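**Student:** The file below is start-v3.cif, mmCIF, C-alpha atoms:
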data_my_file
#
loop_
_atom_site.group_PDB
_atom_site.id
_atom_site.type_symbol
_atom_site.label_atom_id
_atom_site.label_comp_id
_atom_site.auth_asym_id
_atom_site.auth_seq_id
_atom_site.Cartn_x
_atom_site.Cartn_y
_atom_site.Cartn_z
ATOM 1 C CA MET N 1 0.000 0.000 0.000
ATOM 2 C CA PRO N 2 1.512 3.370 -0.964
ATOM 3 C CA TYR N 3 2.040 6.092 1.606
ATOM 4 C CA TYR N 4 0.583 9.549 0.969
ATOM 5 C CA GLU N 5 0.370 12.827 2.848
ATOM 6 C CA PHE N 6 -2.797 14.852 2.246
ATOM 7 C CA LEU N 7 -2.891 18.650 2.142
ATOM 8 C CA TRP N 8 -6.222 19.472 3.812
ATOM 9 C CA THR N 9 -7.761 22.942 3.725
ATOM 10 C CA ASP N 10 -10.945 24.091 5.434
ATOM 11 C CA GLU N 11 -12.479 24.714 2.004
ATOM 12 C CA ILE N 12 -11.910 21.190 0.703
ATOM 13 C CA ILE N 13 -13.111 19.631 3.962
ATOM 14 C CA GLU N 14 -16.325 21.669 3.672
ATOM 15 C CA HIS N 15 -16.674 20.756 -0.008
ATOM 16 C CA LEU N 16 -16.305 17.037 0.720
ATOM 17 C CA ALA N 17 -18.833 17.320 3.562
ATOM 18 C CA GLU N 18 -21.373 18.600 1.014
ATOM 19 C CA HIS N 19 -20.966 15.198 -0.680
ATOM 20 C CA ASP N 20 -21.060 13.308 2.651
ATOM 21 C CA VAL N 21 -17.383 12.340 2.356
ATOM 22 C CA ALA N 22 -15.072 12.795 5.349
ATOM 23 C CA PRO N 23 -11.299 13.274 5.063
ATOM 24 C CA GLU N 24 -10.881 9.801 6.563
ATOM 25 C CA ASP N 25 -13.047 8.339 3.771
ATOM 26 C CA PHE N 26 -10.970 10.128 1.134
ATOM 27 C CA GLU N 27 -7.683 8.938 2.614
ATOM 28 C CA GLN N 28 -8.982 5.354 2.897
ATOM 29 C CA VAL N 29 -10.014 5.190 -0.751
ATOM 30 C CA VAL N 30 -6.872 6.837 -2.160
ATOM 31 C CA SER N 31 -4.544 4.758 0.018
ATOM 32 C CA ALA N 32 -6.200 1.429 -0.879
ATOM 33 C CA PRO N 33 -8.179 1.957 -4.107
ATOM 34 C CA ASP N 34 -10.159 -0.615 -6.040
ATOM 35 C CA ASP N 35 -9.115 1.191 -9.228
ATOM 36 C CA VAL N 36 -7.254 4.321 -10.326
ATOM 37 C CA GLY N 37 -7.439 6.491 -13.415
ATOM 38 C CA ALA N 38 -8.007 10.038 -14.567
ATOM 39 C CA SER N 39 -11.082 12.225 -14.263
ATOM 40 C CA ASP N 40 -13.019 12.511 -17.522
ATOM 41 C CA SER N 41 -13.776 16.179 -16.875
ATOM 42 C CA THR N 42 -10.441 17.470 -15.529
ATOM 43 C CA GLY N 43 -7.832 14.869 -16.420
ATOM 44 C CA LEU N 44 -6.690 14.863 -12.784
ATOM 45 C CA PRO N 45 -5.791 11.552 -11.139
ATOM 46 C CA CYS N 46 -8.562 9.767 -9.296
ATOM 47 C CA ALA N 47 -9.203 6.665 -7.258
ATOM 48 C CA TRP N 48 -12.353 4.606 -6.775
ATOM 49 C CA GLY N 49 -13.063 2.531 -3.736
ATOM 50 C CA GLU N 50 -15.070 1.747 -0.672
ATOM 51 C CA THR N 51 -15.315 4.080 2.296
ATOM 52 C CA ILE N 52 -15.076 2.927 5.888
ATOM 53 C CA ASP N 53 -18.894 2.686 6.040
ATOM 54 C CA GLY N 54 -19.193 0.753 2.759
ATOM 55 C CA ARG N 55 -20.091 3.451 0.219
ATOM 56 C CA PHE N 56 -18.340 3.413 -3.173
ATOM 57 C CA VAL N 57 -16.817 6.791 -4.060
ATOM 58 C CA ILE N 58 -14.534 8.461 -6.548
ATOM 59 C CA CYS N 59 -11.793 10.710 -5.124
ATOM 60 C CA ILE N 60 -10.133 13.273 -7.374
ATOM 61 C CA TYR N 61 -6.883 14.926 -6.383
ATOM 62 C CA GLU N 62 -3.779 16.777 -7.569
ATOM 63 C CA GLU N 63 -0.333 15.244 -7.141
ATOM 64 C CA ILE N 64 1.945 17.884 -5.609
ATOM 65 C CA ASP N 65 4.910 15.476 -5.488
ATOM 66 C CA ASP N 66 5.505 11.735 -4.995
ATOM 67 C CA ILE N 67 3.760 11.614 -1.621
ATOM 68 C CA LEU N 68 1.823 14.880 -1.210
ATOM 69 C CA LEU N 69 -1.720 14.968 -2.590
ATOM 70 C CA LEU N 70 -4.168 17.872 -2.678
ATOM 71 C CA PRO N 71 -7.756 16.557 -2.489
ATOM 72 C CA VAL N 72 -10.087 18.222 -5.016
ATOM 73 C CA THR N 73 -13.446 16.472 -4.696
ATOM 74 C CA ALA N 74 -15.103 13.153 -3.920
ATOM 75 C CA TYR N 75 -18.598 11.795 -4.272
ATOM 76 C CA GLU N 76 -20.540 8.543 -4.271
ATOM 77 C CA VAL N 77 -20.766 6.663 -7.575
ATOM 78 C CA PRO N 78 -22.254 3.346 -8.630
ATOM 79 C CA ARG N 79 -20.043 0.320 -8.192
ATOM 80 C CA PRO N 80 -18.856 -1.154 -11.474
ATOM 81 C CA GLY N 81 -21.748 -3.069 -12.978
ATOM 82 C CA GLU N 82 -24.350 -1.337 -10.782
ATOM 83 C CA SER N 83 -26.506 1.734 -11.251
ATOM 84 C CA PHE N 84 -28.076 4.155 -8.778
#
Produce C-alpha cells that represent the structure in this file.
**Tutor:**
Amino acid sequence: MPYYEFLWTDEIIEHLAEHDVAPEDFEQVVSAPDDVGASDSTGLPCAWGETIDGRFVICIYEEIDDILLLPVTAYEVPRPGESF
C-alpha cells in the first residue's frame, strides 16, 4: 500500500462534507483503491473505492509530489456493474 500525505484545507473539507465524504473516507479510498485512473472532466488523477462505512466513491486529487496529494473532490458513484 503506498504512503501519501494529504494537504487538507478548510475549504476542501467543507466541499467534501457537502458530498457526505469525510477526510478519513478520502484517505482510505486513495490509500487502498479498487481502481485508479483520470477524471473525464479534468484529467486529474482519481481513485475509486469503498469508504469505511461501505459506500463506493470516486476521489479526485492533484499530485503535488511523490507523496503529497491535494484533495479536489469526492462523491458517491455506482459500483462497477451497478446503477443508482
**Student:** Quick check on the file I pasted: which residues fall under the PyMOL selection byres ((chain N and resi 37) around 10)? Write them as a list in words.
**Tutor:**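 Expected selection for the PyMOL selection byres ((chain N and resi 37) around 10) here is Asp35, Val36, Ala38, Ser39, Asp40, Gly43, Leu44, Pro45, Cys46, Ala47, Trp48 and Ile60 of chain N.
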**Student:** I would like the residues chosen by the PyMOL selection byres ((chain N and resi 13) around 12) on the shown file; could you give them as a ChimeraX atom specification?
**Tutor:** /N:6-12,14-26,70-74
**Student:** CA of Gln28 in chain N and CA of Arg55 in chain N are how many Å apart?
**Tutor:**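 CA of Arg55 in chain N lies 11.6 Å from CA of Gln28 in chain N.
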**Student:** So how far away is CA of Tyr3 in chain N from CA of Thr51 in chain N, in Å?
**Tutor:**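 Going from CA of Thr51 in chain N over to CA of Tyr3 in chain N, I get 17.5 Å.
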**Student:** Between CA of Ser41 in chain N and CA of Asp53 in chain N, what distance in Å does the model show, to one decimal?
**Tutor:**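 So the two atoms, CA of Ser41 in chain N and CA of Asp53 in chain N, lie 27.1 Å apart.
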**Student:** Contacts of Leu69 in chain N at 8 Å or less, counting all atoms listed in the file, minus same-chain residues fewer than 4 places along, as a list in words?
**Tutor:**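 Once the nearby chain positions are removed, what remains is Tyr4, Glu5, Phe6, Leu7, Tyr61, Glu62, Glu63, Ile64 and Asp65 of chain N.
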**Student:** Expand the PyMOL selection byres ((chain N and resi 56) around 7) into the explicit residue set it covers here, and present it as a PyMOL selection string.
**Tutor:** chain N and resi 49-51+54-55+57+76-79
**Student:** Pick out the closest residue to Asp66 in chain N from this set: N:Pro2, N:Gly81, N:Thr42, N:Val30. Count all atoms listed in the file.
**Tutor:**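 The answer is N:Pro2, which sits nearest to Asp66 in chain N.
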**Student:** Please return the centre and edge lengths, in Å to one decimal, of a box with edges along x, y and z that contains all listed atoms of range 33-48 of chain N, widened by 3 Å on every side, as JSON.
**Tutor:**
{"center_x": -9.8, "center_y": 8.4, "center_z": -10.8, "size_x": 14.0, "size_y": 24.1, "size_z": 19.4}
